[in-house]
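The file coords-v4.txt contains compact mmCIF, C-alpha atoms and all ligand atoms:
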# COMPACT_ATOMS: atom_id res chain seq x y z
CA MET A 1 120.99 72.69 105.02
CA LYS A 2 119.04 71.42 102.02
CA PHE A 3 116.34 68.79 102.25
CA GLN A 4 114.97 67.12 99.19
CA LYS A 5 111.34 68.09 98.62
CA SER A 6 108.73 65.35 98.52
CA LEU A 7 105.44 65.23 96.69
CA GLY A 8 101.92 64.71 97.92
CA TRP A 9 102.33 65.60 101.59
CA LEU A 10 102.99 68.66 103.68
CA ASP A 11 106.79 68.76 103.72
CA TRP A 12 108.79 69.20 106.86
CA CYS A 13 110.52 72.51 107.25
CA PRO A 14 113.27 72.37 104.59
CA GLU A 15 115.63 74.82 106.26
CA PRO A 16 115.05 74.72 110.01
CA SER A 17 116.55 77.57 111.97
CA ARG A 18 119.57 76.98 114.18
CA PRO A 19 118.25 77.03 117.75
CA VAL A 20 119.28 79.82 120.10
CA PHE A 21 118.95 77.44 123.05
CA ARG A 22 122.15 75.44 123.41
CA LEU A 23 121.31 71.81 124.06
CA PRO A 24 123.36 70.12 126.80
CA ASP A 25 126.19 67.89 125.62
CA GLY A 26 124.89 64.44 124.73
CA ALA A 27 121.27 65.55 124.21
CA VAL A 28 118.87 62.93 122.82
CA ASP A 29 116.01 63.61 120.41
CA ALA A 30 113.80 60.93 121.95
CA HIS A 31 110.89 60.93 119.51
CA CYS A 32 111.44 61.04 115.76
CA HIS A 33 110.74 58.83 112.77
CA VAL A 34 112.18 57.60 109.50
CA PHE A 35 109.76 57.11 106.61
CA GLY A 36 110.93 54.91 103.75
CA PRO A 37 112.19 56.00 101.34
CA GLY A 38 109.15 54.18 99.98
CA ASP A 39 110.97 52.66 97.01
CA ILE A 40 113.40 50.91 99.39
CA PHE A 41 111.20 50.37 102.46
CA PRO A 42 107.59 50.27 101.23
CA TYR A 43 104.79 51.62 103.42
CA ALA A 44 102.41 49.11 105.01
CA PRO A 45 99.36 48.14 102.94
CA GLU A 46 97.13 48.65 106.02
CA ARG A 47 98.40 52.22 106.68
CA LYS A 48 95.94 55.07 107.31
CA TYR A 49 98.17 57.71 105.72
CA THR A 50 101.07 57.89 103.30
CA PRO A 51 103.81 60.17 104.58
CA CYS A 52 106.47 62.05 102.68
CA ASP A 53 109.72 60.10 102.53
CA ALA A 54 112.05 61.01 105.39
CA SER A 55 115.32 59.13 105.23
CA LYS A 56 117.87 58.22 107.88
CA GLU A 57 120.40 60.53 106.20
CA GLN A 58 117.99 63.45 106.46
CA LEU A 59 117.28 62.63 110.10
CA PHE A 60 120.99 62.49 110.95
CA THR A 61 121.56 65.80 109.14
CA LEU A 62 118.82 67.37 111.24
CA ARG A 63 120.30 65.84 114.43
CA ASP A 64 123.64 67.52 113.74
CA HIS A 65 122.07 70.80 112.65
CA LEU A 66 120.01 71.12 115.87
CA GLY A 67 122.89 70.00 118.11
CA PHE A 68 121.60 66.62 119.29
CA ALA A 69 124.00 63.74 119.90
CA ARG A 70 121.51 60.88 119.57
CA ASN A 71 118.10 59.84 118.31
CA ILE A 72 115.35 57.54 119.47
CA ILE A 73 113.54 56.48 116.32
CA VAL A 74 109.96 55.41 116.87
CA GLN A 75 108.14 53.08 114.49
CA ALA A 76 105.17 54.94 113.01
CA THR A 77 101.92 53.33 111.93
CA CYS A 78 102.53 53.94 108.21
CA HIS A 79 105.20 51.20 108.36
CA GLY A 80 102.94 48.83 110.33
CA THR A 81 105.00 46.05 111.91
CA ASP A 82 107.61 46.09 109.16
CA ASN A 83 110.53 47.49 111.15
CA ARG A 84 113.12 47.34 108.35
CA ALA A 85 113.49 51.10 107.82
CA LEU A 86 113.84 51.61 111.58
CA VAL A 87 116.38 48.80 111.99
CA ASP A 88 118.36 50.02 108.99
CA ALA A 89 118.51 53.54 110.47
CA CYS A 90 119.61 52.29 113.89
CA ARG A 91 122.27 50.05 112.37
CA SER A 92 123.59 52.90 110.20
CA SER A 93 123.83 55.39 113.05
CA GLY A 94 127.19 54.33 114.46
CA GLY A 95 125.54 53.61 117.81
CA ARG A 96 123.88 57.02 117.97
CA ALA A 97 120.30 55.85 117.40
CA ARG A 98 118.14 53.40 119.26
CA GLY A 99 114.57 52.50 118.48
CA VAL A 100 111.04 51.56 119.43
CA ALA A 101 109.43 48.92 117.19
CA SER A 102 105.95 47.59 116.49
CA VAL A 103 105.37 43.85 116.63
CA ARG A 104 102.50 41.38 116.62
CA ARG A 105 102.28 38.17 118.65
CA ASN A 106 103.69 36.14 115.76
CA VAL A 107 107.13 37.75 116.20
CA THR A 108 109.62 35.01 117.06
CA ASP A 109 112.06 35.10 119.97
CA ALA A 110 114.90 35.08 117.44
CA GLU A 111 113.43 38.15 115.72
CA LEU A 112 113.12 39.96 119.04
CA ARG A 113 116.76 39.18 119.83
CA GLU A 114 117.75 40.45 116.38
CA LEU A 115 115.83 43.70 117.03
CA HIS A 116 117.64 44.03 120.36
CA THR A 117 121.00 43.65 118.67
CA ALA A 118 120.02 46.38 116.19
CA GLY A 119 119.30 48.76 119.09
CA ILE A 120 115.57 48.36 119.69
CA ARG A 121 114.67 48.86 123.36
CA GLY A 122 110.87 49.16 123.32
CA VAL A 123 107.61 48.45 121.52
CA ARG A 124 104.84 50.89 120.80
CA PHE A 125 101.13 50.26 121.42
CA ASN A 126 98.94 52.72 119.54
CA PHE A 127 95.37 53.52 120.59
CA VAL A 128 94.74 56.55 118.37
CA ARG A 129 91.73 55.61 116.27
CA ARG A 130 92.60 57.66 113.19
CA LEU A 131 96.00 55.89 112.97
CA VAL A 132 95.39 52.18 113.55
CA ASP A 133 92.94 49.32 113.84
CA PHE A 134 93.40 48.22 117.42
CA THR A 135 95.35 45.13 118.37
CA PRO A 136 93.42 43.01 120.91
CA LYS A 137 94.50 43.68 124.49
CA ASP A 138 95.27 40.04 125.26
CA GLU A 139 97.75 40.08 122.37
CA LEU A 140 99.33 43.29 123.67
CA GLN A 141 99.64 41.75 127.14
CA GLU A 142 101.38 38.71 125.69
CA ILE A 143 103.82 40.95 123.79
CA ALA A 144 104.38 43.07 126.90
CA HIS A 145 105.45 40.05 128.95
CA ARG A 146 107.80 38.84 126.25
CA VAL A 147 109.55 42.18 125.81
CA ALA A 148 109.73 42.66 129.59
CA GLU A 149 112.15 39.73 129.63
CA LEU A 150 114.45 41.64 127.31
CA GLY A 151 114.40 44.67 129.63
CA TRP A 152 112.45 46.73 127.08
CA HIS A 153 109.72 49.26 127.82
CA ILE A 154 106.37 50.01 126.21
CA VAL A 155 105.47 53.31 124.55
CA VAL A 156 101.74 54.08 124.47
CA TYR A 157 99.99 56.61 122.28
CA PHE A 158 96.39 57.57 123.07
CA GLU A 159 94.03 60.57 123.26
CA SER A 160 93.32 62.05 126.70
CA VAL A 161 89.59 61.19 126.60
CA ASP A 162 90.52 57.50 126.38
CA LEU A 163 92.68 57.36 129.53
CA PRO A 164 89.84 56.25 131.87
CA GLU A 165 89.06 53.27 129.66
CA LEU A 166 92.75 52.36 129.24
CA TRP A 167 93.76 52.97 132.89
CA ASP A 168 93.48 49.36 134.09
CA PHE A 169 95.22 47.96 131.03
CA PHE A 170 98.14 50.38 131.42
CA SER A 171 98.29 49.72 135.18
CA GLY A 172 98.81 46.01 134.51
CA LEU A 173 101.76 46.41 132.14
CA PRO A 174 104.93 44.78 133.51
CA THR A 175 107.45 47.31 132.16
CA THR A 176 108.25 51.00 132.21
CA VAL A 177 105.43 52.69 130.26
CA VAL A 178 106.24 55.83 128.26
CA VAL A 179 103.26 57.99 127.28
CA ASP A 180 103.56 59.88 124.00
CA HIS A 181 102.94 63.64 124.06
CA MET A 182 101.53 63.81 127.64
CA GLY A 183 98.53 61.73 126.61
CA ARG A 184 97.51 64.45 124.13
CA PRO A 185 95.72 66.87 126.49
CA ASP A 186 93.07 69.25 125.21
CA VAL A 187 94.88 72.43 126.25
CA THR A 188 91.67 74.49 126.16
CA LYS A 189 90.48 72.54 129.21
CA GLY A 190 93.23 73.99 131.41
CA VAL A 191 96.24 72.61 133.21
CA ASP A 192 94.16 72.21 136.41
CA GLY A 193 91.14 70.78 134.58
CA GLY A 194 89.82 67.30 135.33
CA GLU A 195 91.26 65.66 132.27
CA PHE A 196 94.86 66.73 132.85
CA GLU A 197 94.53 66.17 136.60
CA LEU A 198 93.68 62.57 135.77
CA PHE A 199 96.87 62.25 133.74
CA VAL A 200 98.95 63.74 136.55
CA ARG A 201 97.29 61.33 138.98
CA PHE A 202 98.04 58.47 136.60
CA MET A 203 101.75 59.34 136.68
CA ARG A 204 101.71 59.94 140.43
CA GLU A 205 100.10 56.58 141.19
CA HIS A 206 102.30 54.62 138.78
CA GLU A 207 106.02 55.13 139.31
CA ASN A 208 106.79 53.11 136.18
CA VAL A 209 105.01 55.66 133.96
CA TRP A 210 107.05 58.25 132.06
CA SER A 211 105.88 60.95 129.65
CA LYS A 212 107.21 62.56 126.52
CA VAL A 213 106.64 66.29 126.87
CA SER A 214 106.81 66.65 123.12
CA CYS A 215 104.62 67.93 120.28
CA PRO A 216 103.52 71.43 121.33
CA GLU A 217 102.80 71.92 117.62
CA ARG A 218 100.15 69.17 117.77
CA LEU A 219 98.60 70.26 121.05
CA SER A 220 98.61 74.03 120.70
CA VAL A 221 95.48 75.95 119.79
CA VAL A 222 97.23 79.32 119.52
CA GLY A 223 99.70 77.75 117.08
CA PRO A 224 103.11 78.81 115.84
CA ARG A 225 102.60 82.57 115.74
CA ALA A 226 104.31 84.65 118.38
CA VAL A 227 102.15 87.54 119.58
CA LYS A 228 103.15 90.79 121.20
CA GLY A 229 104.15 90.40 124.83
CA GLU A 230 104.18 86.60 124.56
CA ALA A 231 106.96 86.30 122.08
CA PHE A 232 107.07 82.59 121.49
CA PRO A 233 104.92 80.02 119.68
CA TYR A 234 102.78 77.26 121.17
CA ARG A 235 102.73 79.10 124.50
CA ASP A 236 99.39 77.55 125.56
CA VAL A 237 101.20 74.17 125.89
CA VAL A 238 103.85 75.52 128.29
CA PRO A 239 101.90 75.07 131.57
CA PHE A 240 101.15 71.43 130.71
CA ALA A 241 104.71 70.42 129.81
CA ARG A 242 106.18 72.45 132.65
CA ARG A 243 103.90 70.86 135.22
CA ILE A 244 104.86 67.36 134.10
CA ILE A 245 108.59 68.18 133.96
CA GLU A 246 108.65 69.87 137.37
CA THR A 247 106.52 67.18 139.05
CA PHE A 248 108.25 64.16 137.51
CA PRO A 249 111.72 65.39 136.47
CA ASP A 250 113.20 61.87 136.38
CA ARG A 251 110.48 60.44 134.14
CA VAL A 252 110.28 62.80 131.17
CA LEU A 253 111.66 62.70 127.62
CA TRP A 254 111.63 65.20 124.77
CA GLY A 255 111.63 64.74 121.00
CA THR A 256 111.16 66.73 117.82
CA ASP A 257 108.64 64.30 116.26
CA TRP A 258 110.35 64.97 112.93
CA PRO A 259 109.11 64.69 110.19
CA HIS A 260 105.79 65.55 111.85
CA PRO A 261 103.33 63.19 110.17
CA ASN A 262 99.72 64.22 109.67
CA LEU A 263 100.13 67.91 110.43
CA LYS A 264 97.72 69.73 108.16
CA ASP A 265 97.76 73.38 109.28
CA HIS A 266 101.45 74.16 109.50
CA MET A 267 104.84 72.51 109.61
CA PRO A 268 106.92 73.46 112.62
CA ASP A 269 110.46 74.79 112.31
CA ASP A 270 112.47 72.19 114.26
CA GLY A 271 114.85 74.89 115.50
CA VAL A 272 111.87 76.75 116.99
CA LEU A 273 110.76 73.53 118.68
CA VAL A 274 114.17 73.23 120.34
CA ASP A 275 113.89 76.85 121.47
CA PHE A 276 110.60 75.92 123.14
CA ILE A 277 112.37 73.55 125.55
CA PRO A 278 113.65 76.11 128.11
CA HIS A 279 110.15 77.56 128.51
CA THR A 280 109.07 74.20 129.87
CA ALA A 281 112.31 73.05 131.53
CA PRO A 282 113.63 76.36 132.87
CA THR A 283 116.71 75.21 134.81
CA GLN A 284 119.91 73.53 133.68
CA GLU A 285 119.24 70.69 136.08
CA LEU A 286 115.82 69.98 134.55
CA GLN A 287 117.24 70.27 131.03
CA GLN A 288 120.03 67.82 131.82
CA LYS A 289 117.55 65.24 133.12
CA LEU A 290 115.05 65.73 130.30
CA LEU A 291 117.51 65.70 127.43
CA VAL A 292 120.40 63.53 128.61
CA ASP A 293 120.09 61.59 131.88
CA ASN A 294 116.57 60.19 131.41
CA PRO A 295 116.88 59.02 127.80
CA MET A 296 120.34 57.57 128.48
CA ARG A 297 118.98 55.64 131.47
CA LEU A 298 116.11 54.23 129.41
CA TYR A 299 117.85 53.50 126.10
CA TRP A 300 121.59 53.14 126.66
CA ARG A 301 121.76 50.98 129.77
CA ASP A 302 123.54 48.33 127.74
C1 LIG B 401 103.54 60.99 116.18
C2 LIG B 401 102.18 61.28 115.88
C3 LIG B 401 101.37 60.79 114.92
C4 LIG B 401 101.60 59.62 114.12
C5 LIG B 401 102.16 58.49 114.54
O1 LIG B 401 102.66 56.26 114.34
C6 LIG B 401 102.18 57.23 113.78
O2 LIG B 401 101.71 57.19 112.65
O3 LIG B 401 102.74 58.42 115.70
C7 LIG B 401 100.10 61.49 114.75
O4 LIG B 401 99.52 61.47 113.65
O5 LIG B 401 99.59 62.08 115.75
O6 LIG B 401 103.90 60.78 117.34
O7 LIG B 401 104.35 60.95 115.27

Represent the structure of the file as structure tokens.
Amino acid sequence: MKFQKSLGWLDWCPEPSRPVFRLPDGAVDAHCHVFGPGDIFPYAPERKYTPCDASKEQLFTLRDHLGFARNIIVQATCHGTDNRALVDACRSSGGRARGVASVRRNVTDAELRELHTAGIRGVRFNFVRRLVDFTPKDELQEIAHRVAELGWHIVVYFESVDLPELWDFFSGLPTTVVVDHMGRPDVTKGVDGGEFELFVRFMREHENVWSKVSCPERLSVVGPRAVKGEAFPYRDVVPFARRIIETFPDRVLWGTDWPHPNLKDHMPDDGVLVDFIPHTAPTQELQQKLLVDNPMRLYWRD
């Protein structure tokens, strides 16, 4: 499979390996992006980074190569609240992609209905300081109540140290709340450490909270190299993802995060990422829930 190279950014893996792990039929890549192409869908003026272009065609090629049936395309901050690239990708997917958008309070009801028709089923609130200037919480609450009426959910992205401060805000959200990348734990602090315990407690106390158990390549300290006796990459992330999957098997999602924006040290091989899944979801039953049943329940109810 050939990907066109881009300039000025660390490229995604141009020839990802074919995974050894066979995904269950109907598997959903529940966290990935499309970027531009910038000459058709320009990046937002207020963006904090400029990504490499990553088109819908390239995403769909990767989907087929890895063995996924469907995609959930998540609006990234580099496109701001201009959801045109996302909507175009969903509309071009033949019903095989749904999406998560970003909106501000000035979005009209007609625009929200239009997004719904295109396949959007959620909005994303981002609290990662290096990525966005924060939207005021009263505005987010207003948006949350409006999208709740459409049956959508809210995806939240934050760093683990910020959970205590965000706890009450998240607790008040009127929808299903999906946390990106397990709330980005610091894996050096241990799976039984206070910070991750707080996240587990957050999920336990809030039955509407789900987690993506994605992005070992972002969370790992040991990185992509396999070492003797522990022959797989990102192994320090396994206990974290496995704990969340085994404790909350009906509230977890998995995604590649292609094309992996803002990774500076290495670009993951997407086939290797897929091969990581069975280390964290070791049984067929867990894999079926993680990759098929849960995302279908959240995104393809109608
Ligand atoms: C991710 C992670 C990142 C970026 C964004 O919206 C974004 O720009 O989500 C990141 O830099 O950690 O989930 O793709």

Using only C-alpha atoms and all ligand atoms, what are the residues with an atom within 8 Å of ligand LIG 401 (chain B), set out as a ChimeraX atom specification? /A:31-33,49,74-78,126,128,130-131,157,180-181,215,218,257-263

Taking only C-alpha atoms into account, name the residue in A:Gly99, A:Pro51, A:Pro216, A:Gly172 that is nearest to Ile277 in chain A.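 Checking each of A:Gly99, A:Pro51, A:Pro216, A:Gly172 against Ile277 in chain A, counting only C-alpha atoms, the winner is A:Pro216.
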
Which residues are close to Phe202 in chain A, i.e. within 9 Å by all atoms listed in the file, leaving aside same-chain residues fewer than 4 positions away? Reply as a PyMOL selection string. chain A and resi 163+167+171+197-198+206+209

Name all residues at most 7 Å from Arg121 in chain A (count all atoms listed in the file; drop same-chain ones fewer than 5 positions away) and give them as a PyMOL selection string. chain A and resi 99-100+116+152-153+299

Near Glu142 in chain A, counting only C-alpha atoms, which residues have an atom at most 8 Å away, once you skip same-chain residues fewer than 4 positions from it, shown as a list in words? Arg105, Asp138 and Arg146 of chain A

Length of the CA of Thr81 in chain A to CA of Gly119 in chain A vector [Å]: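 It comes out at 16.2 Å.
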
Please, can range 260-276 of chain A be completed to N, CA, C and O atoms and returned as a compact mmCIF listing (two decimals), keeping the file's coordinate frame?
# COMPACT_ATOMS: atom_id res chain seq x y z
N HIS A 260 107.10 64.96 111.51
CA HIS A 260 105.79 65.55 111.85
C HIS A 260 104.66 65.03 110.98
O HIS A 260 104.00 65.81 110.28
N PRO A 261 104.39 63.73 111.02
CA PRO A 261 103.33 63.19 110.17
C PRO A 261 101.96 63.75 110.52
O PRO A 261 101.71 64.08 111.68
N ASN A 262 101.14 63.88 109.51
CA ASN A 262 99.72 64.22 109.67
C ASN A 262 99.45 65.64 110.13
O ASN A 262 98.33 65.94 110.54
N LEU A 263 100.43 66.51 110.09
CA LEU A 263 100.13 67.91 110.43
C LEU A 263 99.56 68.57 109.17
O LEU A 263 100.17 68.52 108.11
N LYS A 264 98.41 69.19 109.33
CA LYS A 264 97.72 69.73 108.16
C LYS A 264 97.78 71.25 108.09
O LYS A 264 97.70 71.85 107.02
N ASP A 265 97.86 71.91 109.27
CA ASP A 265 97.76 73.38 109.28
C ASP A 265 99.09 74.06 109.03
O ASP A 265 99.18 75.04 108.31
N HIS A 266 100.14 73.55 109.66
CA HIS A 266 101.45 74.16 109.50
C HIS A 266 102.51 73.13 109.79
O HIS A 266 102.24 72.12 110.44
N MET A 267 103.69 73.36 109.29
CA MET A 267 104.84 72.51 109.61
C MET A 267 105.73 73.28 110.56
O MET A 267 106.11 74.42 110.26
N PRO A 268 106.07 72.71 111.69
CA PRO A 268 106.92 73.46 112.62
C PRO A 268 108.36 73.56 112.11
O PRO A 268 108.84 72.68 111.38
N ASP A 269 109.02 74.61 112.51
CA ASP A 269 110.46 74.79 112.31
C ASP A 269 111.12 74.04 113.49
O ASP A 269 110.89 74.38 114.66
N ASP A 270 111.90 73.02 113.18
CA ASP A 270 112.47 72.19 114.26
C ASP A 270 113.39 72.98 115.18
O ASP A 270 113.53 72.66 116.36
N GLY A 271 114.02 74.03 114.64
CA GLY A 271 114.85 74.89 115.50
C GLY A 271 113.98 75.64 116.51
O GLY A 271 114.36 75.81 117.68
N VAL A 272 112.80 76.06 116.09
CA VAL A 272 111.87 76.75 116.99
C VAL A 272 111.38 75.77 118.07
O VAL A 272 111.23 76.14 119.25
N LEU A 273 111.18 74.53 117.68
CA LEU A 273 110.76 73.53 118.68
C LEU A 273 111.83 73.37 119.76
O LEU A 273 111.53 73.26 120.95
N VAL A 274 113.09 73.35 119.35
CA VAL A 274 114.17 73.23 120.34
C VAL A 274 114.18 74.47 121.25
O VAL A 274 114.37 74.37 122.47
N ASP A 275 113.91 75.63 120.65
CA ASP A 275 113.89 76.85 121.47
C ASP A 275 112.70 76.89 122.44
O ASP A 275 112.67 77.71 123.36
N PHE A 276 111.75 76.02 122.23
CA PHE A 276 110.60 75.92 123.14
C PHE A 276 110.99 75.23 124.45
O PHE A 276 110.38 75.46 125.50
